[in-house]
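Participant: One file: model.txt (compact mmCIF, C-alpha atoms).
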```
# COMPACT_ATOMS: atom_id res chain seq x y z
CA MET H 1 130.91 11.29 47.37
CA LYS H 2 131.79 8.19 45.36
CA THR H 3 129.53 6.10 47.57
CA ILE H 4 126.65 8.50 47.04
CA PHE H 5 127.11 8.35 43.26
CA ARG H 6 127.33 4.56 43.48
CA LEU H 7 124.09 4.42 45.46
CA ILE H 8 122.29 6.61 42.94
CA GLN H 9 123.69 4.51 40.11
CA ILE H 10 122.57 1.24 41.71
CA VAL H 11 119.05 2.65 42.21
CA THR H 12 119.06 3.81 38.59
CA LEU H 13 120.21 0.41 37.33
CA VAL H 14 117.62 -1.44 39.41
CA VAL H 15 114.90 0.92 38.22
CA PHE H 16 115.88 0.47 34.59
CA THR H 17 116.29 -3.27 34.68
CA THR H 18 113.17 -3.89 36.70
CA ILE H 19 110.63 -1.28 35.83
CA TYR H 20 111.42 0.69 32.70
CA ILE H 21 111.85 -2.11 30.23
CA ARG H 22 108.55 -2.02 28.47
CA ALA H 23 107.46 -0.69 25.18
CA GLN H 24 103.83 -0.01 24.85
CA GLY H 25 100.38 -0.22 26.31
CA PRO H 26 99.14 -0.11 29.84
CA PRO H 27 99.98 -0.49 32.70
CA ILE H 28 102.21 2.37 33.81
CA PHE H 29 105.08 0.72 35.71
CA SER H 30 104.71 -2.93 34.70
CA ASP H 31 105.06 -4.58 31.33
CA SER H 32 102.21 -5.58 29.04
CA PRO H 33 102.00 -8.83 27.04
CA LEU H 34 100.06 -7.11 24.27
CA LEU H 35 102.00 -6.63 21.07
CA LEU H 36 99.98 -4.38 18.84
CA GLY H 37 100.53 -6.31 15.65
CA LEU H 38 102.52 -5.25 12.64
CA ASP H 39 101.15 -1.74 12.78
CA GLY H 40 101.91 -1.39 16.46
CA GLY H 41 104.75 1.07 16.16
CA GLY H 42 104.86 3.66 18.86
CA ILE H 43 107.14 5.88 20.82
CA ARG H 44 107.06 6.49 24.47
CA THR H 45 108.75 8.94 26.74
CA PHE H 46 108.25 9.95 30.31
CA GLY H 47 110.00 11.86 33.01
CA LYS H 48 110.80 10.05 36.20
CA TYR H 49 111.84 11.87 39.35
CA ILE H 50 113.45 9.72 42.04
CA SER H 51 114.16 11.07 45.48
CA THR H 52 116.50 9.21 47.85
CA GLU H 53 118.54 10.15 50.87
CA ALA H 54 121.56 10.18 48.56
CA GLY H 55 120.05 12.81 46.29
CA GLN H 56 117.64 13.28 43.44
CA THR H 57 117.62 11.71 40.01
CA TYR H 58 115.58 12.70 36.97
CA ILE H 59 115.43 10.28 34.05
CA GLN H 60 113.93 10.93 30.63
CA PRO H 61 113.98 7.79 28.48
CA LEU H 62 112.85 7.47 24.89
CA VAL H 63 111.39 4.04 24.09
CA VAL H 64 111.01 2.96 20.46
CA PRO H 65 109.60 -0.51 19.66
CA PHE H 66 109.46 -2.11 16.23
CA ASN H 67 107.45 -5.18 15.29
CA ILE H 68 109.31 -7.69 13.13
CA THR H 69 106.32 -10.03 12.93
CA THR H 70 102.97 -10.12 14.69
CA ASP H 71 104.57 -12.18 17.46
CA PHE H 72 108.03 -10.68 17.63
CA GLN H 73 109.02 -7.19 18.64
CA ILE H 74 112.35 -5.52 19.19
CA GLY H 75 113.07 -2.08 20.55
CA GLY H 76 115.50 0.31 22.10
CA ILE H 77 115.54 2.53 25.15
CA GLN H 78 117.79 5.55 25.43
CA PRO H 79 117.58 7.49 28.67
CA TYR H 80 118.92 10.92 29.52
CA VAL H 81 119.82 11.24 33.19
CA PHE H 82 120.19 14.17 35.58
CA GLN H 83 121.67 13.43 39.00
CA SER H 84 121.83 15.80 41.94
CA PRO H 85 123.66 14.23 44.89
CA ALA H 86 122.78 15.57 48.32
CA ASN H 87 126.24 17.10 48.66
CA GLY H 88 127.38 17.72 45.15
CA GLU H 89 126.78 19.37 41.83
CA THR H 90 124.15 18.27 39.34
CA GLN H 91 125.48 16.09 36.56
CA SER H 92 123.77 14.93 33.41
CA GLY H 93 124.32 12.79 30.35
CA PHE H 94 123.04 9.88 28.33
CA GLY H 95 122.44 6.74 30.33
CA ASN H 96 123.13 3.18 29.24
CA PHE H 97 121.35 2.03 26.08
CA THR H 98 119.03 -0.96 26.29
CA LEU H 99 117.89 -3.29 23.53
CA PHE H 100 114.92 -5.55 24.11
CA GLY H 101 113.09 -8.32 22.29
CA LYS H 102 109.64 -9.73 23.03
CA TYR H 103 108.28 -12.96 21.67
CA SER H 104 104.66 -13.92 22.16
CA ILE H 105 104.24 -17.50 23.37
CA ILE H 106 100.58 -17.66 24.38
CA GLN H 107 97.58 -15.89 22.89
CA ILE H 108 94.10 -17.01 23.91
CA ASP H 109 91.51 -14.55 22.64
CA GLY H 110 87.83 -14.36 23.50
CA LYS H 111 85.02 -11.86 23.14
CA ALA H 112 86.34 -8.59 24.64
CA LYS H 113 89.06 -10.42 26.54
CA THR H 114 92.45 -11.99 26.05
CA PHE H 115 95.10 -13.94 27.92
CA ARG H 116 98.61 -13.48 26.64
CA ALA H 117 102.13 -14.33 27.66
CA LEU H 118 105.47 -13.45 26.16
CA LEU H 119 109.15 -13.97 26.76
CA LYS H 120 111.20 -10.84 27.02
CA TYR H 121 114.95 -10.46 26.77
CA THR H 122 116.68 -7.19 27.50
CA GLN H 123 120.31 -6.27 27.17
CA THR H 124 121.70 -3.10 28.69
CA PHE H 125 125.02 -1.86 27.36
CA THR H 126 127.56 0.33 29.10
CA THR H 127 127.24 3.13 26.59
CA GLY H 128 126.24 5.88 29.01
CA ALA H 129 128.25 8.74 30.39
CA SER H 130 130.37 7.50 33.29
CA ASN H 131 129.14 10.19 35.70
CA VAL H 132 125.48 9.16 35.44
CA SER H 133 125.61 5.50 34.40
CA VAL H 134 126.53 2.23 36.02
CA ASP H 135 129.66 0.64 34.61
CA ALA H 136 128.02 -2.76 34.28
CA SER H 137 125.99 -4.37 31.55
CA ALA H 138 122.85 -6.31 32.42
CA SER H 139 120.92 -9.12 30.73
CA GLN H 140 117.40 -9.89 31.79
CA LEU H 141 115.11 -12.75 30.88
CA ALA H 142 111.49 -12.33 31.92
CA ILE H 143 108.07 -13.78 31.36
CA VAL H 144 105.25 -11.27 31.00
CA THR H 145 101.61 -12.33 31.33
CA GLY H 146 98.28 -10.60 31.34
CA TYR H 147 94.57 -11.26 31.43
CA ILE H 148 92.90 -8.25 29.92
CA THR H 149 89.20 -7.62 29.48
CA ILE H 150 87.37 -4.40 28.74
CA LYS H 151 86.31 -4.31 32.39
CA TYR H 152 89.77 -4.74 33.99
CA GLY H 153 93.30 -5.92 33.39
CA ILE H 154 95.62 -8.07 35.48
CA TYR H 155 99.29 -8.13 34.60
CA GLY H 156 102.27 -10.02 36.01
CA THR H 157 105.98 -10.16 35.28
CA VAL H 158 108.79 -12.25 36.73
CA GLY H 159 112.36 -11.88 35.54
CA TYR H 160 115.97 -12.55 36.41
CA THR H 161 118.73 -10.04 35.72
CA PHE H 162 122.34 -11.08 35.24
CA VAL H 163 124.64 -8.13 35.97
CA SER H 164 128.27 -7.98 34.89
CA ASN H 165 131.28 -6.41 36.60
CA ASN H 166 130.86 -8.43 39.81
CA SER H 167 127.65 -6.60 40.58
CA PRO H 168 124.90 -8.71 42.16
CA ASP H 169 122.13 -10.25 40.06
CA ASN H 170 118.53 -9.52 40.87
CA LEU H 171 115.09 -11.07 40.61
CA ILE H 172 112.22 -8.80 39.67
CA TYR H 173 108.48 -9.18 39.95
CA ASN H 174 105.66 -6.87 38.96
CA PHE H 175 101.93 -7.13 39.48
CA ALA H 176 99.41 -4.66 38.17
CA PHE H 177 95.65 -4.22 38.31
CA GLY H 178 94.02 -1.78 35.95
CA TYR H 179 90.44 -0.51 36.13
CA PRO H 180 88.82 1.79 33.57
CA LEU H 181 86.85 4.61 35.18
CA LEU H 182 84.98 5.46 31.97
CA PRO H 183 83.08 3.16 29.57
CA GLN H 184 85.41 1.49 27.08
CA LYS H 185 84.67 2.53 23.53
CA TYR H 186 86.45 3.19 20.29
CA PRO H 187 87.69 5.74 19.35
CA PRO H 188 88.78 5.94 22.98
CA PHE H 189 88.39 8.53 25.64
CA GLN H 190 89.48 6.75 28.76
CA LEU H 191 90.56 7.34 32.29
CA ASN H 192 92.28 4.29 33.76
CA LEU H 193 93.20 3.68 37.36
CA PHE H 194 96.17 1.42 38.10
CA LEU H 195 97.46 -0.12 41.28
CA GLU H 196 100.77 -1.87 40.91
CA LEU H 197 103.37 -3.67 42.97
CA ASN H 198 106.92 -3.48 41.64
CA GLY H 199 109.49 -5.53 43.49
CA SER H 200 113.07 -6.68 43.20
CA HIS H 201 115.47 -8.76 45.22
CA THR H 202 119.17 -8.16 44.79
CA PHE H 203 121.25 -11.20 45.58
CA ASP H 204 124.58 -11.22 47.46
CA VAL H 205 123.68 -8.03 49.32
CA ASN H 206 120.19 -9.45 50.03
CA LYS H 207 118.44 -6.20 49.38
CA HIS H 208 114.70 -6.38 48.88
CA LEU H 209 112.78 -3.51 47.44
CA LEU H 210 109.03 -3.30 46.94
CA PHE H 211 107.08 -0.33 45.67
CA ILE H 212 103.35 0.15 45.79
CA SER H 213 102.51 2.22 42.75
CA PRO H 214 99.16 3.90 42.16
CA GLY H 215 98.68 5.71 38.87
CA LEU H 216 96.25 7.37 36.50
CA GLN H 217 96.19 7.18 32.73
CA LEU H 218 94.24 9.47 30.42
CA ILE H 219 93.70 8.35 26.83
CA THR H 220 92.46 11.23 24.72
CA SER H 221 92.57 9.70 21.24
CA SER H 222 93.40 6.55 19.33
CA VAL H 223 97.08 7.39 19.33
CA PHE H 224 97.88 9.44 22.40
CA LEU H 225 97.85 8.91 26.13
CA ILE H 226 99.25 10.67 29.13
CA GLU H 227 99.93 8.93 32.42
CA SER H 228 101.19 9.66 35.85
CA GLY H 229 102.04 7.60 38.90
CA VAL H 230 103.97 7.51 42.10
CA GLN H 231 106.07 4.66 43.47
CA ILE H 232 106.19 4.47 47.23
CA PRO H 233 108.68 2.04 48.82
CA VAL H 234 106.94 -0.27 51.29
CA ILE H 235 109.85 -2.68 51.73
CA ASP H 236 113.32 -1.21 51.59
CA ASP H 237 115.89 -3.24 53.47
CA ARG H 238 118.52 -0.56 53.42
CA ASN H 239 116.38 2.55 53.61
CA THR H 240 118.20 4.00 50.65
CA THR H 241 115.30 4.36 48.28
CA GLY H 242 112.81 7.20 48.32
CA PHE H 243 109.64 7.71 46.35
CA ALA H 244 109.59 8.08 42.60
CA PHE H 245 107.19 10.19 40.58
CA THR H 246 106.50 9.57 36.92
CA LEU H 247 104.76 11.68 34.29
CA GLY H 248 104.79 10.37 30.76
CA ILE H 249 103.20 10.13 27.34
CA ARG H 250 102.87 7.46 24.69
CA TYR H 251 102.26 8.15 21.05
CA LEU H 252 101.50 5.54 18.42
CA PHE H 253 102.86 6.24 14.97
CA PHE H 254 102.46 4.11 11.89
CA MET S 1 63.50 26.09 -21.95
CA LYS S 2 64.93 22.90 -23.45
CA ASN S 3 68.11 23.37 -21.46
CA ILE S 4 66.20 23.82 -18.24
CA ILE S 5 64.30 20.59 -18.88
CA LYS S 6 67.58 18.77 -19.62
CA ILE S 7 69.16 20.00 -16.39
CA PHE S 8 66.04 19.01 -14.46
CA VAL S 9 66.07 15.50 -15.95
CA VAL S 10 69.78 15.05 -15.20
CA LEU S 11 69.32 16.19 -11.61
CA LEU S 12 66.31 13.88 -11.23
CA LEU S 13 68.25 10.87 -12.54
CA PHE S 14 71.20 11.71 -10.29
CA GLY S 15 68.91 11.92 -7.29
CA VAL S 16 67.25 8.56 -8.07
CA SER S 17 70.57 6.82 -8.58
CA THR S 18 71.93 8.24 -5.32
CA SER S 19 68.92 7.16 -3.33
CA LEU S 20 69.20 3.61 -4.67
CA ALA S 21 72.96 3.28 -4.13
CA GLN S 22 74.07 0.50 -1.84
CA THR S 23 77.18 -0.34 0.08
CA ASN S 24 78.36 -3.70 1.27
CA GLU S 25 78.36 -4.10 5.00
CA ILE S 26 80.68 -6.67 6.51
CA LYS S 27 80.39 -7.61 10.15
CA VAL S 28 83.39 -9.38 11.61
CA ARG S 29 83.74 -10.94 15.01
CA VAL S 30 87.18 -10.12 16.40
CA ASP S 31 88.37 -11.89 19.54
CA GLY S 32 90.97 -10.37 21.83
CA LEU S 33 89.76 -6.79 21.49
CA SER S 34 90.22 -5.89 25.12
CA CYS S 35 91.49 -2.33 25.15
CA PRO S 36 90.62 0.71 23.04
CA PHE S 37 94.24 1.80 22.74
CA CYS S 38 95.03 -1.55 21.10
CA ALA S 39 92.27 -1.22 18.51
CA TYR S 40 93.99 1.50 16.50
CA GLY S 41 96.34 -0.98 14.82
CA LEU S 42 93.30 -3.05 13.79
CA GLU S 43 91.57 -0.01 12.31
CA LYS S 44 94.71 0.90 10.39
CA LYS S 45 95.13 -2.62 9.03
CA LEU S 46 91.49 -2.93 7.91
CA ASN S 47 91.68 0.49 6.27
CA GLU S 48 94.32 -0.93 3.94
CA LEU S 49 91.66 -3.10 2.32
CA GLU S 50 90.54 -1.61 -0.96
CA GLY S 51 87.06 -0.14 -0.94
CA VAL S 52 86.63 0.23 2.79
CA GLU S 53 84.80 3.50 3.43
CA ASN S 54 84.06 3.34 7.12
CA ILE S 55 85.01 1.19 10.10
CA ASN S 56 83.08 0.87 13.33
CA ILE S 57 84.61 -0.99 16.26
CA ASN S 58 82.34 -2.18 19.06
CA LEU S 59 84.60 -3.33 21.88
CA GLU S 60 81.88 -4.74 24.15
CA GLU S 61 80.53 -6.98 21.39
CA GLY S 62 83.94 -7.69 19.88
CA LEU S 63 82.39 -6.69 16.57
CA VAL S 64 83.88 -4.74 13.70
CA THR S 65 81.62 -3.37 10.97
CA LEU S 66 83.08 -2.41 7.62
CA GLN S 67 81.22 -0.28 5.09
CA VAL S 68 82.58 -1.20 1.68
CA LYS S 69 81.93 0.24 -1.77
CA ASP S 70 79.35 -1.81 -3.63
CA SER S 71 81.68 -2.40 -6.55
CA VAL S 72 84.39 -3.93 -4.39
CA LYS S 73 84.51 -7.49 -3.17
CA ILE S 74 86.69 -8.29 -0.19
CA SER S 75 87.39 -11.93 0.53
CA GLU S 76 87.13 -13.53 3.95
CA GLU S 77 90.79 -14.51 3.65
CA ASP S 78 91.91 -10.90 3.16
CA ILE S 79 89.93 -9.77 6.18
CA GLU S 80 91.24 -12.59 8.35
CA THR S 81 94.83 -11.86 7.33
CA LYS S 82 94.52 -8.20 8.27
CA ILE S 83 93.01 -9.04 11.65
CA GLU S 84 95.76 -11.55 12.40
CA ASP S 85 98.42 -9.05 11.32
CA ALA S 86 96.94 -6.61 13.80
CA GLY S 87 97.44 -9.18 16.56
CA PHE S 88 93.85 -10.38 17.02
CA THR S 89 91.81 -13.49 16.25
CA PRO S 90 89.18 -13.34 13.50
CA GLY S 91 85.79 -14.98 13.98
CA GLU S 92 82.57 -15.18 12.00
CA ILE S 93 82.27 -12.89 8.98
CA VAL S 94 78.82 -11.85 7.71
CA TYR S 95 78.23 -10.00 4.46
CA SER S 96 75.11 -7.92 3.84
CA LYS S 97 73.84 -5.10 1.68
CA LYS S 98 72.93 -1.78 3.17
CA ASP S 99 71.05 1.09 1.53
CA GLU S 100 72.78 4.40 1.93
CA GLN S 101 69.43 5.85 3.01
CA PRO S 102 69.15 5.58 6.79
CA GLY S 103 66.90 2.86 8.17
CA LYS S 104 66.85 0.71 5.02
CA ASN S 105 69.12 -2.20 5.89
CA ASP S 106 68.61 -5.41 3.98
```
Would you encode the structure as C-alpha cells?

Facilitator:
Amino acid sequence: MKTIFRLIQIVTLVVFTTIYIRAQGPPIFSDSPLLLGLDGGGIRTFGKYISTEAGQTYIQPLVVPFNITTDFQIGGIQPYVFQSPANGETQSGFGNFTLFGKYSIIQIDGKAKTFRALLKYTQTFTTGASNVSVDASASQLAIVTGYITIKYGIYGTVGYTFVSNNSPDNLIYNFAFGYPLLPQKYPPFQLNLFLELNGSHTFDVNKHLLFISPGLQLITSSVFLIESGVQIPVIDDRNTTGFAFTLGIRYLFF
Amino acid sequence: MKNIIKIFVVLLLFGVSTSLAQTNEIKVRVDGLSCPFCAYGLEKKLNELEGVENININLEEGLVTLQVKDSVKISEEDIETKIEDAGFTPGEIVYSKKDEQPGKND
C-alpha cells in the first residue's frame, strides 16, 4: 500500500513541478512568457484527473499571480488533492504549497506579434497533508520562451528541478503550438486549439515521461476563459503513468 | 407664448451645440499585441487616463484608438507610460479631431 501511495505521490510531484507551475495565459499545459503588465492580476483554477495503474488522483489547484513590476511577477499555488489508490480508501487534503517568481528577460515586440523570454523560479514547500503530499521540497529554475502572433503561438520551456529528501532531480521540457480557430478580435470571442508536448526526465531512476497533450480553449469575454485538455503518455519508461484529463477556468481580476 | 418661444430657442441652441461638439481622437500604434486575452490589461490601463471616453483595439493592425473629451489634453508621455505598464511597446501616436456626427472626421 505504501508503495502505491509513493507512486501516486511521485506522479503528483512530477506533475506539479513540471506542468502546473504557470500563472496565466495560454497555453493549457505549458507556461507562457507573457506577463500581463501591472494590471495583469488573475486567478486560475482547474480540475485535473489523473488515472494510473496505482489508482486515481484528482487535483484542484488555485493559482494566484501578482505583478510587482511590469517585468516581475510572483505568485502562489495551493492545490487540494484527492487520491484513490487501486486497493485503498480515498484520501484528501491540501497539497504542498508552491511559490513562484517570473522575471522577463527578453521582450521584442512587433505589429501583432511578440517574442518573449523569462526566467522562472519555483519553490515547493512540504506544507501539505502527509497522506496526499510528497515529503520533499522542490526548487525549479526554468527558462520560458514564446513567439506569439495573432495567427499562432509557439511556446517552449526547459527547466531543472532540485528535489530534497534524497529524491531524484528531474529535467522538464514543454513545447506548445496554439492555433486560433476563430478570427482574433477584441473584445475576444475565441476558440483556440493547442497541441503540446510535456516531458520530464527523472535522474537516478532514469525515468522518462512524455505526454502528448491536445486541448481546446474557449474565451468568452475579456476576463474569462474555459479550457480542457487531455495528456496521453507516449513515452513512459515504467508504465506507471496513465492519462490525465484537465478542465479549468481562468479569470482576470483587477 | 413667450415661454414656448424661450423653450424652443433653448432647445435649438442645445441642438446646434451638440451637433458641433468634437472629441479628440488619438490613434496609437501598440507593438506586441498578439492575443486578445492579453489586451484587457491594456484597455484597463488606458481607461485610467482622464477624459478617455471610448477605446477601440484593433489587434490585426496593432492599433488602439482613444476617443477623448475635447476639453482634455493627454500627453504622449502619459499614453506611452500606460502602454508600457500594461506590458507592451508604444509606437507612433497621432492626434486628430473627430466630429461626434458620424462620417465627419477631420

Participant: Give me, as a ChimeraX atom specification, the contact residues of chain S against chain H at a cut-off of 9 Å, counting all atoms listed in the file.

Facilitator: /S:29-42,44-45,56-63,83-89

Participant: Between H:Ala117, H:Ala54, H:Val230, H:Leu193, which residue has the minimum interatomic distance to H:Ala86, considering all atoms listed in the file?

Facilitator: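 Once distances to H:Ala86 are computed over all atoms listed in the file, the minimum belongs to H:Ala54.
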
Participant: So, with all atoms listed in the file as the atoms that count, which of S:Ile93, S:Ile55, S:Val64, S:Glu25 lies closest to S:Glu77?

Facilitator: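 Closest candidate: S:Ile93.
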
Participant: Figure out the distance between atom CA of H:Asp237 and atom CA of H:His208, please, to one decimal in Å.

Facilitator: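 Between atom CA of H:His208 and atom CA of H:Asp237 the gap works out to 5.7 Å.
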
Participant: Separation of atom CA of H:Ser51 and atom CA of H:Tyr80, in Å?

Facilitator: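 Pair atom CA of H:Ser51 / atom CA of H:Tyr80 returns 16.7 Å.
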
Participant: Counting only C-alpha atoms, find residues at most 6 Å from (127.8, -2.9, 37.8) (file frame) and give them as a PyMOL selection string.

Facilitator: chain H and resi 134-136+164-165+167

Participant: Go ahead and save the residues from that selection, with C-alpha atoms, as a compact mmCIF listing (two decimals), in the coordinates of the input.

Facilitator:
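This is the output file selection.txt:
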```txt
# COMPACT_ATOMS: atom_id res chain seq x y z
CA VAL H 134 126.53 2.23 36.02
CA ASP H 135 129.66 0.64 34.61
CA ALA H 136 128.02 -2.76 34.28
CA SER H 164 128.27 -7.98 34.89
CA ASN H 165 131.28 -6.41 36.60
CA SER H 167 127.65 -6.60 40.58
```

Participant: At what distance in Å, to one decimal, does atom CA of H:Gln123 lie from atom CA of H:Val64?

Facilitator: 14.7 Å

Participant: Draw an axis-aligned box tight on the listed atoms of stretch 158-171 of chain H, then pad every side by 6 Å and write out centre and edge lengths in Å to one decimal as lines of an AutoDock Vina configuration file.

Facilitator:
```
center_x = 120.0
center_y = -9.5
center_z = 38.5
size_x = 34.5
size_y = 18.1
size_z = 19.3
```

Participant: Select all residues near (108.5, 1.0, 48.9) (cut-off 10 Å, inclusive, file coordinates), counting only C-alpha atoms, and output them as a list in words.

Facilitator: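 With a cut-off of 10 Å, the residues come to Leu197, Asn198, Gly199, His208, Leu209, Leu210, Phe211, Ile212, Ser213, Gln231, Ile232, Pro233, Val234, Ile235, Asp236, Asp237, Asn239, Thr241, Gly242, Phe243 and Ala244 of chain H.
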